[in-house]
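Peer 1: Supplied structure: structure.txt, compact mmCIF, C-alpha atoms.
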# COMPACT_ATOMS: atom_id res chain seq x y z
CA MET A 16 25.44 -6.48 76.17
CA PRO A 17 24.58 -8.33 72.97
CA HIS A 18 25.68 -6.78 69.70
CA SER A 19 23.15 -4.93 67.59
CA LYS A 20 22.66 -5.87 63.96
CA ASP A 21 25.87 -4.14 62.89
CA SER A 22 27.62 -2.84 65.97
CA VAL A 23 30.70 -0.65 65.97
CA LEU A 24 33.53 -2.61 67.60
CA THR A 25 36.78 -1.65 69.25
CA THR A 26 40.01 -3.48 68.46
CA ARG A 27 39.73 -5.41 71.72
CA ALA A 28 36.17 -6.53 70.95
CA THR A 29 37.31 -7.57 67.49
CA ALA A 30 40.11 -9.64 69.01
CA GLU A 31 37.67 -11.39 71.33
CA LEU A 32 35.42 -12.34 68.42
CA LEU A 33 38.34 -13.66 66.39
CA GLY A 34 39.88 -15.47 69.34
CA VAL A 35 43.28 -13.82 68.81
CA ALA A 36 45.49 -11.40 70.72
CA VAL A 37 44.63 -7.70 70.57
CA SER A 38 47.89 -7.00 68.74
CA THR A 39 47.02 -9.59 66.08
CA ALA A 40 43.58 -8.03 65.55
CA GLN A 41 45.26 -4.65 65.29
CA LEU A 42 47.49 -6.00 62.51
CA TRP A 43 44.48 -7.27 60.59
CA ILE A 44 42.83 -3.86 60.94
CA GLU A 45 45.93 -1.86 60.00
CA ASN A 46 46.67 -4.12 57.02
CA GLY A 47 43.13 -3.63 55.70
CA ALA A 48 42.00 -7.25 56.10
CA ILE A 49 39.18 -5.80 58.22
CA PRO A 50 37.85 -2.44 56.89
CA SER A 51 38.05 0.27 59.54
CA TRP A 52 38.02 4.00 60.16
CA LYS A 53 39.47 6.39 62.70
CA THR A 54 37.43 8.28 65.28
CA PRO A 55 38.19 11.97 65.94
CA GLY A 56 40.26 10.74 68.88
CA GLY A 57 42.41 8.59 66.60
CA HIS A 58 41.01 5.18 67.60
CA ARG A 59 40.26 2.49 65.03
CA ARG A 60 36.71 1.16 64.80
CA VAL A 61 35.21 -1.63 62.69
CA ARG A 62 31.75 -2.94 61.89
CA LEU A 63 30.59 -6.27 63.30
CA SER A 64 29.57 -7.32 59.78
CA ALA A 65 33.16 -6.88 58.55
CA VAL A 66 34.49 -9.09 61.34
CA LYS A 67 31.85 -11.76 60.72
CA ARG A 68 32.64 -11.71 57.01
CA LEU A 69 36.32 -12.33 57.73
CA MET A 70 35.47 -15.13 60.16
CA GLN A 71 33.26 -16.84 57.59
CA GLU A 72 35.87 -16.50 54.84
CA ARG A 73 38.47 -18.08 57.13
CA GLY A 74 36.11 -20.84 58.26
CA LEU A 75 36.16 -19.69 61.89
CA VAL A 76 32.38 -19.74 62.27
CA ALA A 77 29.56 -21.53 60.52
CA PRO A 78 27.09 -19.13 58.87
CA THR A 79 23.56 -19.19 60.25
CA ALA A 80 20.73 -20.57 58.18
CA SER A 81 19.52 -17.06 57.40
CA ALA A 82 22.92 -15.74 56.50
CA PRO A 83 24.12 -15.69 52.90
CA ALA A 84 26.74 -18.25 51.95
CA PRO A 85 30.23 -16.91 52.49
CA ALA A 86 32.41 -16.09 49.56
CA VAL A 87 34.79 -18.87 48.62
CA ALA A 88 38.20 -18.13 50.09
CA SER A 89 40.86 -17.35 47.52
CA SER A 90 43.11 -19.96 49.10
CA THR A 91 42.97 -22.68 51.72
CA GLU A 92 46.58 -22.03 52.67
CA PHE A 93 45.62 -20.11 55.78
CA LEU A 94 42.99 -22.60 56.94
CA PRO A 95 44.04 -25.56 59.12
CA SER A 96 44.15 -28.82 57.19
CA ALA A 97 41.68 -31.46 58.33
CA THR A 98 43.96 -34.22 57.01
CA ALA A 99 47.41 -32.89 57.91
CA ALA A 100 50.22 -35.43 57.52
CA TYR A 101 52.56 -33.27 59.61
CA PRO A 102 52.70 -32.21 63.28
CA VAL A 103 50.15 -29.47 63.99
CA PRO A 104 50.47 -26.88 66.80
CA HIS A 105 47.49 -26.68 69.16
CA ASP A 106 46.91 -23.09 68.01
CA GLU A 107 47.39 -23.72 64.29
CA ALA A 108 44.27 -21.74 63.33
CA GLN A 109 45.52 -18.63 65.14
CA ARG A 110 49.05 -19.19 63.81
CA LEU A 111 47.79 -19.26 60.22
CA LEU A 112 45.71 -16.13 60.82
CA ALA A 113 48.82 -14.37 62.10
CA LEU A 114 50.84 -15.53 59.09
CA ASP A 115 48.15 -14.31 56.71
CA ALA A 116 48.04 -10.98 58.55
CA ALA A 117 51.79 -10.58 58.15
CA ARG A 118 51.36 -10.57 54.35
CA ILE A 119 54.86 -11.82 53.74
CA VAL A 120 54.24 -15.13 51.95
CA ASP A 121 55.02 -14.88 48.21
CA THR A 122 56.65 -11.45 48.55
CA PRO A 123 59.79 -10.72 46.51
CA PRO A 124 63.28 -11.46 47.89
CA GLU A 125 64.73 -8.82 50.22
CA SER A 126 68.42 -8.25 50.82
CA VAL A 127 67.99 -7.92 54.59
CA PHE A 128 66.69 -11.51 54.82
CA ASP A 129 69.29 -12.77 52.36
CA ARG A 130 72.03 -11.31 54.55
CA LEU A 131 70.65 -13.20 57.55
CA THR A 132 70.65 -16.55 55.76
CA TRP A 133 74.20 -15.86 54.54
CA LEU A 134 75.31 -15.01 58.07
CA ALA A 135 73.60 -18.13 59.44
CA SER A 136 75.44 -20.23 56.87
CA GLN A 137 78.77 -18.61 57.69
CA ALA A 138 78.34 -18.69 61.47
CA THR A 139 77.49 -22.40 61.52
CA GLU A 140 79.63 -23.46 58.55
CA SER A 141 76.53 -24.89 56.89
CA PRO A 142 76.18 -25.06 53.09
CA MET A 143 72.44 -24.38 53.22
CA ALA A 144 70.31 -21.85 55.13
CA LEU A 145 66.64 -20.90 54.85
CA ILE A 146 64.07 -18.48 56.17
CA SER A 147 60.97 -20.64 55.91
CA LEU A 148 57.30 -19.69 56.38
CA LEU A 149 54.67 -22.39 56.90
CA THR A 150 51.20 -22.20 55.40
CA ALA A 151 48.79 -25.11 55.73
CA GLU A 152 49.96 -26.49 52.37
CA ARG A 153 53.61 -25.59 51.88
CA GLN A 154 56.79 -24.26 53.33
CA TRP A 155 57.75 -21.19 51.35
CA PHE A 156 61.24 -19.74 51.51
CA LYS A 157 61.50 -15.98 52.00
CA SER A 158 65.25 -16.43 51.64
CA ARG A 159 67.32 -19.44 50.64
CA LEU A 160 70.99 -20.21 50.24
CA GLY A 161 72.25 -23.48 48.77
CA VAL A 162 68.72 -24.72 48.00
CA ASP A 163 67.26 -24.46 44.49
CA ALA A 164 63.55 -24.98 45.21
CA PRO A 165 61.60 -21.86 46.29
CA GLU A 166 59.17 -23.97 48.34
CA THR A 167 58.18 -27.53 49.25
CA SER A 168 55.09 -29.35 50.43
CA ARG A 169 54.28 -28.73 54.11
CA ASP A 170 54.28 -32.53 54.51
CA TRP A 171 58.03 -32.51 53.87
CA ALA A 172 58.87 -29.63 56.20
CA PHE A 173 61.32 -30.29 59.03
CA CYS A 174 60.19 -26.84 60.16
CA SER A 175 56.75 -28.24 61.10
CA HIS A 176 58.53 -29.99 63.96
CA ALA A 177 60.67 -26.96 64.82
CA ILE A 178 57.72 -24.61 65.41
CA LEU A 179 56.33 -26.92 68.10
CA GLN A 180 58.96 -25.73 70.58
CA ASP A 181 60.35 -22.38 71.70
CA GLY A 182 64.05 -23.03 71.33
CA LEU A 183 66.50 -24.92 69.18
CA PHE A 184 65.33 -27.94 67.19
CA VAL A 185 68.11 -30.18 65.87
CA VAL A 186 68.25 -33.30 63.73
CA GLU A 187 71.85 -34.54 63.76
CA ASP A 188 71.35 -37.35 61.22
CA ALA A 189 68.04 -37.40 59.36
CA ALA A 190 68.87 -40.73 57.69
CA ARG A 191 68.81 -42.39 61.12
CA ASP A 192 65.76 -40.51 62.45
CA PRO A 193 62.46 -42.41 61.96
CA ARG A 194 60.61 -39.09 61.54
CA PHE A 195 62.68 -38.06 58.52
CA GLN A 196 64.54 -41.01 57.03
CA ASP A 197 61.93 -41.51 54.27
CA ASN A 198 61.44 -37.78 53.64
CA PRO A 199 61.93 -36.86 49.94
CA LEU A 200 64.30 -34.08 51.02
CA VAL A 201 66.47 -36.73 52.67
CA THR A 202 66.25 -39.48 50.06
CA GLY A 203 66.56 -36.95 47.22
CA ALA A 204 67.94 -33.46 46.63
CA PRO A 205 69.14 -31.61 48.63
CA HIS A 206 69.89 -34.84 50.60
CA ILE A 207 69.43 -33.34 54.06
CA ARG A 208 71.22 -35.14 56.87
CA PHE A 209 71.62 -32.30 59.39
CA TYR A 210 69.01 -29.68 60.30
CA ALA A 211 68.94 -27.00 63.02
CA ALA A 212 66.38 -24.21 63.48
CA PHE A 213 64.95 -21.56 65.74
CA PRO A 214 61.33 -20.40 65.27
CA LEU A 215 60.60 -17.15 63.46
CA LEU A 216 58.19 -15.29 65.79
CA ASP A 217 55.71 -12.47 65.37
CA ALA A 218 55.04 -9.82 68.03
CA ASP A 219 52.77 -12.24 69.93
CA ARG A 220 55.46 -14.94 69.83
CA MET A 221 53.43 -16.91 67.32
CA PRO A 222 55.78 -19.08 65.21
CA LEU A 223 55.36 -18.21 61.55
CA GLY A 224 58.27 -20.33 60.35
CA THR A 225 61.97 -20.73 61.08
CA LEU A 226 65.51 -19.66 60.39
CA CYS A 227 67.27 -22.96 59.73
CA VAL A 228 70.61 -24.31 58.56
CA LEU A 229 71.14 -27.63 56.80
CA ASP A 230 73.95 -29.92 55.70
CA SER A 231 74.24 -33.05 53.58
CA GLU A 232 76.49 -34.58 56.24
CA PRO A 233 75.58 -35.58 59.82
CA ARG A 234 76.94 -33.14 62.40
CA ARG A 235 76.38 -31.19 65.60
CA LEU A 236 76.39 -27.49 66.48
CA ARG A 237 78.90 -26.01 68.89
CA ASP A 238 77.67 -23.70 71.64
CA ARG A 239 78.82 -20.55 69.84
CA GLU A 240 77.05 -21.69 66.67
CA VAL A 241 73.82 -22.25 68.58
CA ARG A 242 74.04 -18.75 70.02
CA SER A 243 74.75 -17.23 66.60
CA LEU A 244 71.75 -19.00 65.07
CA ARG A 245 69.53 -17.90 67.97
CA GLU A 246 70.54 -14.24 67.59
CA LEU A 247 70.08 -14.29 63.82
CA ALA A 248 66.63 -15.85 64.22
CA ALA A 249 65.75 -13.04 66.63
CA LEU A 250 66.86 -10.47 64.03
CA ALA A 251 64.81 -12.20 61.34
CA SER A 252 61.78 -12.16 63.66
CA GLU A 253 62.26 -8.43 64.27
CA GLU A 254 62.40 -7.77 60.53
CA VAL A 255 59.09 -9.59 60.01
CA GLN A 256 57.52 -7.67 62.90
CA ARG A 257 58.77 -4.38 61.49
CA ARG A 258 57.12 -5.04 58.15
CA VAL A 259 53.84 -5.97 59.80
CA ARG A 260 53.77 -2.66 61.68
CA ARG A 261 54.12 -0.62 58.50
How does the structure come out when it is put into structure tokens?
Peer 2:
Amino acid sequence: MPHSKDSVLTTRATAELLGVAVSTAQLWIENGAIPSWKTPGGHRRVRLSAVKRLMQERGLVAPTASAPAPAVASSTEFLPSATAAYPVPHDEAQRLLALDAARIVDTPPESVFDRLTWLASQATESPMALISLLTAERQWFKSRLGVDAPETSRDWAFCSHAILQDGLFVVEDAARDPRFQDNPLVTGAPHIRFYAAFPLLDADRMPLGTLCVLDSEPRRLRDREVRSLRELAALASEEVQRRVRR
């Protein structure tokens, strides 16, 4: 049945309009990105106009000729880049929506994440460790150890490659890897030669970023180090998911 001028939508109908998982739509609703209210039975409901407004702000639909021009988005960081100079996942638009919904980018440091980067560094004997989140424009570090910069350009992010796969991504010697040998993070500080990461996943297994370890010397990970990094990445993912549910 076609929607009326301003229909009342369920969470599932909202998800279908946005082209995301039901759980992701629920996060947007619970976080207030889409205004909602509760029915007497405790179910969330939203107006079609609120969903359309969000879609227009995020560039997910083109406004009709009769519709007013959408408000200018406060940032393009959560919109896919049309001229990306880095590898882009096939579902980058949905990934960026999920990252925006998580509302974790640019939040203050938290000891629970700092403990995980410290443990990752210790478990793999790596001098540098990061929890990195990838917007369309930058990689921002929720936690960092051994790295001074709080963020870098997305174009420089090794993590853009890491989120393209489910498991471990390793660069044993960046200076000999054509993908990275001219990267400013390799040719300049912090002079990365070794990189290893597991994706940081939300509840829908959408990769928001990574937990990674780095070294200024070429090297490999031992099996026990791989397992340690995998488990710590899972813990970091759970922490992100826990904050989203609040």
Peer 1: Which distance in Å separates atom CA of A:Ser252 and atom CA of A:Leu160, to one decimal?
Peer 2: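 A separation of 18.2 Å between them.
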Peer 1: May I have the residues within 8 Å of A:Glu166 as a VMD selection string, using all atoms listed in the file and disregarding those fewer than 3 positions away in the same chain?
Peer 2: chain A and resid 153 to 156
Peer 1: Can you write just those residues out, C-alpha atoms, as a JSON list (two decimals), in the frame of the given file?
Peer 2:
[["chain", "number", "residue", "atom", "x", "y", "z"],
["A", 153, "ARG", "CA", 53.61, -25.59, 51.88],
["A", 154, "GLN", "CA", 56.79, -24.26, 53.33],
["A", 155, "TRP", "CA", 57.75, -21.19, 51.35],
["A", 156, "PHE", "CA", 61.24, -19.74, 51.51]]
Peer 1: Take atom CA of A:Gln41 and atom CA of A:Thr26 and report the distance between them in Å, one decimal.
Peer 2: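 Rounded to one decimal, the two atoms are 6.2 Å apart.
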Peer 1: Contacts between stretch 145-149 of chain A and stretch 161-216 of chain A, please, where a residue of stretch 161-216 of chain A counts if it comes within 10 Å (with all atoms listed in the file); show its shortest atom pair and distance in Å to one decimal, rows by chain and ascending number, as a tab-separated table.
Peer 2:
residue	atom	partner	partner_atom	distance
A:Gly161	CA	A:Leu145	CA	8.7
A:Val162	CA	A:Leu145	CA	8.1
A:Pro165	CA	A:Ser147	CA	9.7
A:Glu166	CA	A:Ser147	CA	8.5
A:Thr167	CA	A:Leu149	CA	9.9
A:Ser168	CA	A:Leu149	CA	9.5
A:Arg169	CA	A:Leu149	CA	6.9
A:Ala172	CA	A:Leu149	CA	8.4
A:Cys174	CA	A:Ser147	CA	7.6
A:Ser175	CA	A:Leu149	CA	7.5
A:Ile178	CA	A:Leu149	CA	9.3
A:Ala212	CA	A:Leu145	CA	9.2
A:Pro214	CA	A:Ser147	CA	9.4
A:Leu215	CA	A:Ile146	CA	8.2
Peer 1: Hey, can you spit out that residue selection with C-alpha atoms as a CSV table (one decimal), in the coordinates of the input?
Peer 2:
chain,number,residue,atom,x,y,z
A,161,GLY,CA,72.2,-23.5,48.8
A,162,VAL,CA,68.7,-24.7,48.0
A,165,PRO,CA,61.6,-21.9,46.3
A,166,GLU,CA,59.2,-24.0,48.3
A,167,THR,CA,58.2,-27.5,49.2
A,168,SER,CA,55.1,-29.4,50.4
A,169,ARG,CA,54.3,-28.7,54.1
A,172,ALA,CA,58.9,-29.6,56.2
A,174,CYS,CA,60.2,-26.8,60.2
A,175,SER,CA,56.8,-28.2,61.1
A,178,ILE,CA,57.7,-24.6,65.4
A,212,ALA,CA,66.4,-24.2,63.5
A,214,PRO,CA,61.3,-20.4,65.3
A,215,LEU,CA,60.6,-17.2,63.5
Peer 1: May I ask which of the residues A:Arg110, A:Arg245, A:Arg60, A:Arg118 is the closest one to A:Gly34, counting all atoms listed in the file?
Peer 2: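 For A:Gly34, the nearest of the given residues is A:Arg110.
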Peer 1: Within 12 Å of A:Leu183, counting all atoms listed in the file, which residues qualify if same-chain residues fewer than 3 places away don't, as a PyMOL selection string?
Peer 2: chain A and resi 174+176-180+186+210-215+225-228+236+238+240-246+248
Peer 1: Those residues you just picked out, can you put them in a file as a PDB file, in the frame of the given file with C-alpha atoms?
Peer 2:
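Full text of part_4.pdb as output:
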ATOM      1  CA  CYS A 174      60.190 -26.840  60.160  1.00  0.00           C
ATOM      2  CA  HIS A 176      58.530 -29.990  63.960  1.00  0.00           C
ATOM      3  CA  ALA A 177      60.670 -26.960  64.820  1.00  0.00           C
ATOM      4  CA  ILE A 178      57.720 -24.610  65.410  1.00  0.00           C
ATOM      5  CA  LEU A 179      56.330 -26.920  68.100  1.00  0.00           C
ATOM      6  CA  GLN A 180      58.960 -25.730  70.580  1.00  0.00           C
ATOM      7  CA  VAL A 186      68.250 -33.300  63.730  1.00  0.00           C
ATOM      8  CA  TYR A 210      69.010 -29.680  60.300  1.00  0.00           C
ATOM      9  CA  ALA A 211      68.940 -27.000  63.020  1.00  0.00           C
ATOM     10  CA  ALA A 212      66.380 -24.210  63.480  1.00  0.00           C
ATOM     11  CA  PHE A 213      64.950 -21.560  65.740  1.00  0.00           C
ATOM     12  CA  PRO A 214      61.330 -20.400  65.270  1.00  0.00           C
ATOM     13  CA  LEU A 215      60.600 -17.150  63.460  1.00  0.00           C
ATOM     14  CA  THR A 225      61.970 -20.730  61.080  1.00  0.00           C
ATOM     15  CA  LEU A 226      65.510 -19.660  60.390  1.00  0.00           C
ATOM     16  CA  CYS A 227      67.270 -22.960  59.730  1.00  0.00           C
ATOM     17  CA  VAL A 228      70.610 -24.310  58.560  1.00  0.00           C
ATOM     18  CA  LEU A 236      76.390 -27.490  66.480  1.00  0.00           C
ATOM     19  CA  ASP A 238      77.670 -23.700  71.640  1.00  0.00           C
ATOM     20  CA  GLU A 240      77.050 -21.690  66.670  1.00  0.00           C
ATOM     21  CA  VAL A 241      73.820 -22.250  68.580  1.00  0.00           C
ATOM     22  CA  ARG A 242      74.040 -18.750  70.020  1.00  0.00           C
ATOM     23  CA  SER A 243      74.750 -17.230  66.600  1.00  0.00           C
ATOM     24  CA  LEU A 244      71.750 -19.000  65.070  1.00  0.00           C
ATOM     25  CA  ARG A 245      69.530 -17.900  67.970  1.00  0.00           C
ATOM     26  CA  GLU A 246      70.540 -14.240  67.590  1.00  0.00           C
ATOM     27  CA  ALA A 248      66.630 -15.850  64.220  1.00  0.00           C
TER      28      ALA A 248
END
Peer 1: Nearest residue to A:His206 out of A:Glu31, A:Glu152, A:Pro142, A:Pro104, using all atoms listed in the file?
Peer 2: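 Result for the nearest residue to A:His206: A:Pro142.
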Peer 1: Excluding A:Gln256 and residues on its chain fewer than 6 positions from it, collect all residues at most 12 Å away from it, counting all atoms listed in the file, and give them as an mmCIF file with C-alpha atoms, keeping the file's coordinate frame.
Peer 2:
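Below is the file selection-v6.cif, written as the result:
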data_model
loop_
_atom_site.group_PDB
_atom_site.id
_atom_site.type_symbol
_atom_site.label_atom_id
_atom_site.label_comp_id
_atom_site.auth_asym_id
_atom_site.auth_seq_id
_atom_site.Cartn_x
_atom_site.Cartn_y
_atom_site.Cartn_z
ATOM 1 C CA SER A 38 47.890 -7.000 68.740
ATOM 2 C CA THR A 39 47.020 -9.590 66.080
ATOM 3 C CA LEU A 42 47.490 -6.000 62.510
ATOM 4 C CA ALA A 113 48.820 -14.370 62.100
ATOM 5 C CA LEU A 114 50.840 -15.530 59.090
ATOM 6 C CA ALA A 116 48.040 -10.980 58.550
ATOM 7 C CA ALA A 117 51.790 -10.580 58.150
ATOM 8 C CA ARG A 118 51.360 -10.570 54.350
ATOM 9 C CA ILE A 119 54.860 -11.820 53.740
ATOM 10 C CA LEU A 215 60.600 -17.150 63.460
ATOM 11 C CA LEU A 216 58.190 -15.290 65.790
ATOM 12 C CA ASP A 217 55.710 -12.470 65.370
ATOM 13 C CA ALA A 218 55.040 -9.820 68.030
ATOM 14 C CA ASP A 219 52.770 -12.240 69.930
ATOM 15 C CA ARG A 220 55.460 -14.940 69.830
ATOM 16 C CA MET A 221 53.430 -16.910 67.320
ATOM 17 C CA PRO A 222 55.780 -19.080 65.210
ATOM 18 C CA LEU A 223 55.360 -18.210 61.550
ATOM 19 C CA ALA A 249 65.750 -13.040 66.630
ATOM 20 C CA LEU A 250 66.860 -10.470 64.030
#
Peer 1: Since the input is missing atoms, can you rebuild N, CA and C atoms for stretch 150-179 of chain A and write them as a PDB file, in the coordinates of the input?
Peer 2:
ATOM      1  N   THR A 150      52.649 -22.245  55.567  1.00  0.00           N
ATOM      2  CA  THR A 150      51.200 -22.200  55.400  1.00  0.00           C
ATOM      3  C   THR A 150      50.653 -23.595  55.687  1.00  0.00           C
ATOM      4  N   ALA A 151      49.374 -23.797  55.493  1.00  0.00           N
ATOM      5  CA  ALA A 151      48.790 -25.110  55.730  1.00  0.00           C
ATOM      6  C   ALA A 151      49.194 -26.114  54.649  1.00  0.00           C
ATOM      7  N   GLU A 152      49.685 -25.616  53.509  1.00  0.00           N
ATOM      8  CA  GLU A 152      49.960 -26.490  52.370  1.00  0.00           C
ATOM      9  C   GLU A 152      51.422 -26.578  51.975  1.00  0.00           C
ATOM     10  N   ARG A 153      52.224 -25.603  52.341  1.00  0.00           N
ATOM     11  CA  ARG A 153      53.610 -25.590  51.880  1.00  0.00           C
ATOM     12  C   ARG A 153      54.517 -24.856  52.848  1.00  0.00           C
ATOM     13  N   GLN A 154      55.807 -25.108  52.689  1.00  0.00           N
ATOM     14  CA  GLN A 154      56.790 -24.260  53.330  1.00  0.00           C
ATOM     15  C   GLN A 154      57.423 -23.431  52.212  1.00  0.00           C
ATOM     16  N   TRP A 155      57.283 -22.125  52.369  1.00  0.00           N
ATOM     17  CA  TRP A 155      57.750 -21.190  51.350  1.00  0.00           C
ATOM     18  C   TRP A 155      58.965 -20.456  51.908  1.00  0.00           C
ATOM     19  N   PHE A 156      59.982 -20.303  51.053  1.00  0.00           N
ATOM     20  CA  PHE A 156      61.240 -19.740  51.510  1.00  0.00           C
ATOM     21  C   PHE A 156      61.330 -18.247  51.160  1.00  0.00           C
ATOM     22  N   LYS A 157      61.289 -17.420  52.189  1.00  0.00           N
ATOM     23  CA  LYS A 157      61.500 -15.980  52.000  1.00  0.00           C
ATOM     24  C   LYS A 157      62.928 -15.725  51.554  1.00  0.00           C
ATOM     25  N   SER A 158      63.848 -16.523  52.054  1.00  0.00           N
ATOM     26  CA  SER A 158      65.250 -16.430  51.640  1.00  0.00           C
ATOM     27  C   SER A 158      65.831 -17.833  51.643  1.00  0.00           C
ATOM     28  N   ARG A 159      66.692 -18.118  50.691  1.00  0.00           N
ATOM     29  CA  ARG A 159      67.320 -19.440  50.640  1.00  0.00           C
ATOM     30  C   ARG A 159      68.741 -19.323  50.119  1.00  0.00           C
ATOM     31  N   LEU A 160      69.599 -20.147  50.663  1.00  0.00           N
ATOM     32  CA  LEU A 160      70.990 -20.210  50.240  1.00  0.00           C
ATOM     33  C   LEU A 160      71.361 -21.684  50.130  1.00  0.00           C
ATOM     34  N   GLY A 161      71.853 -22.103  48.967  1.00  0.00           N
ATOM     35  CA  GLY A 161      72.250 -23.480  48.770  1.00  0.00           C
ATOM     36  C   GLY A 161      71.117 -24.431  48.465  1.00  0.00           C
ATOM     37  N   VAL A 162      69.898 -23.921  48.308  1.00  0.00           N
ATOM     38  CA  VAL A 162      68.720 -24.720  48.000  1.00  0.00           C
ATOM     39  C   VAL A 162      68.064 -24.137  46.753  1.00  0.00           C
ATOM     40  N   ASP A 163      67.801 -24.964  45.748  1.00  0.00           N
ATOM     41  CA  ASP A 163      67.260 -24.460  44.490  1.00  0.00           C
ATOM     42  C   ASP A 163      65.757 -24.194  44.560  1.00  0.00           C
ATOM     43  N   ALA A 164      65.011 -25.085  45.209  1.00  0.00           N
ATOM     44  CA  ALA A 164      63.550 -24.980  45.210  1.00  0.00           C
ATOM     45  C   ALA A 164      63.090 -23.777  46.029  1.00  0.00           C
ATOM     46  N   PRO A 165      62.116 -23.003  45.537  1.00  0.00           N
ATOM     47  CA  PRO A 165      61.600 -21.860  46.290  1.00  0.00           C
ATOM     48  C   PRO A 165      60.615 -22.248  47.381  1.00  0.00           C
ATOM     49  N   GLU A 166      60.144 -23.506  47.355  1.00  0.00           N
ATOM     50  CA  GLU A 166      59.170 -23.970  48.340  1.00  0.00           C
ATOM     51  C   GLU A 166      59.098 -25.491  48.276  1.00  0.00           C
ATOM     52  N   THR A 167      58.461 -26.096  49.277  1.00  0.00           N
ATOM     53  CA  THR A 167      58.180 -27.530  49.250  1.00  0.00           C
ATOM     54  C   THR A 167      56.790 -27.755  49.841  1.00  0.00           C
ATOM     55  N   SER A 168      56.320 -28.973  49.745  1.00  0.00           N
ATOM     56  CA  SER A 168      55.090 -29.350  50.430  1.00  0.00           C
ATOM     57  C   SER A 168      55.275 -29.195  51.939  1.00  0.00           C
ATOM     58  N   ARG A 169      54.216 -28.801  52.641  1.00  0.00           N
ATOM     59  CA  ARG A 169      54.280 -28.730  54.110  1.00  0.00           C
ATOM     60  C   ARG A 169      54.541 -30.113  54.706  1.00  0.00           C
ATOM     61  N   ASP A 170      54.066 -31.176  54.021  1.00  0.00           N
ATOM     62  CA  ASP A 170      54.280 -32.530  54.510  1.00  0.00           C
ATOM     63  C   ASP A 170      55.755 -32.872  54.652  1.00  0.00           C
ATOM     64  N   TRP A 171      56.598 -32.208  53.865  1.00  0.00           N
ATOM     65  CA  TRP A 171      58.030 -32.510  53.870  1.00  0.00           C
ATOM     66  C   TRP A 171      58.808 -31.641  54.861  1.00  0.00           C
ATOM     67  N   ALA A 172      58.171 -30.683  55.464  1.00  0.00           N
ATOM     68  CA  ALA A 172      58.870 -29.630  56.200  1.00  0.00           C
ATOM     69  C   ALA A 172      59.403 -30.092  57.560  1.00  0.00           C
ATOM     70  N   PHE A 173      60.712 -30.111  57.713  1.00  0.00           N
ATOM     71  CA  PHE A 173      61.320 -30.290  59.030  1.00  0.00           C
ATOM     72  C   PHE A 173      60.832 -29.178  59.957  1.00  0.00           C
ATOM     73  N   CYS A 174      60.572 -28.013  59.374  1.00  0.00           N
ATOM     74  CA  CYS A 174      60.190 -26.840  60.160  1.00  0.00           C
ATOM     75  C   CYS A 174      58.850 -27.041  60.891  1.00  0.00           C
ATOM     76  N   SER A 175      58.005 -27.954  60.397  1.00  0.00           N
ATOM     77  CA  SER A 175      56.750 -28.240  61.100  1.00  0.00           C
ATOM     78  C   SER A 175      57.023 -28.787  62.492  1.00  0.00           C
ATOM     79  N   HIS A 176      58.119 -29.489  62.650  1.00  0.00           N
ATOM     80  CA  HIS A 176      58.530 -29.990  63.960  1.00  0.00           C
ATOM     81  C   HIS A 176      59.163 -28.871  64.779  1.00  0.00           C
ATOM     82  N   ALA A 177      59.937 -28.015  64.107  1.00  0.00           N
ATOM     83  CA  ALA A 177      60.670 -26.960  64.820  1.00  0.00           C
ATOM     84  C   ALA A 177      59.751 -25.945  65.468  1.00  0.00           C
ATOM     85  N   ILE A 178      58.602 -25.641  64.846  1.00  0.00           N
ATOM     86  CA  ILE A 178      57.720 -24.610  65.410  1.00  0.00           C
ATOM     87  C   ILE A 178      56.921 -25.102  66.612  1.00  0.00           C
ATOM     88  N   LEU A 179      57.053 -26.386  66.941  1.00  0.00           N
ATOM     89  CA  LEU A 179      56.330 -26.920  68.100  1.00  0.00           C
ATOM     90  C   LEU A 179      57.019 -26.591  69.409  1.00  0.00           C
TER      91      LEU A 179
END
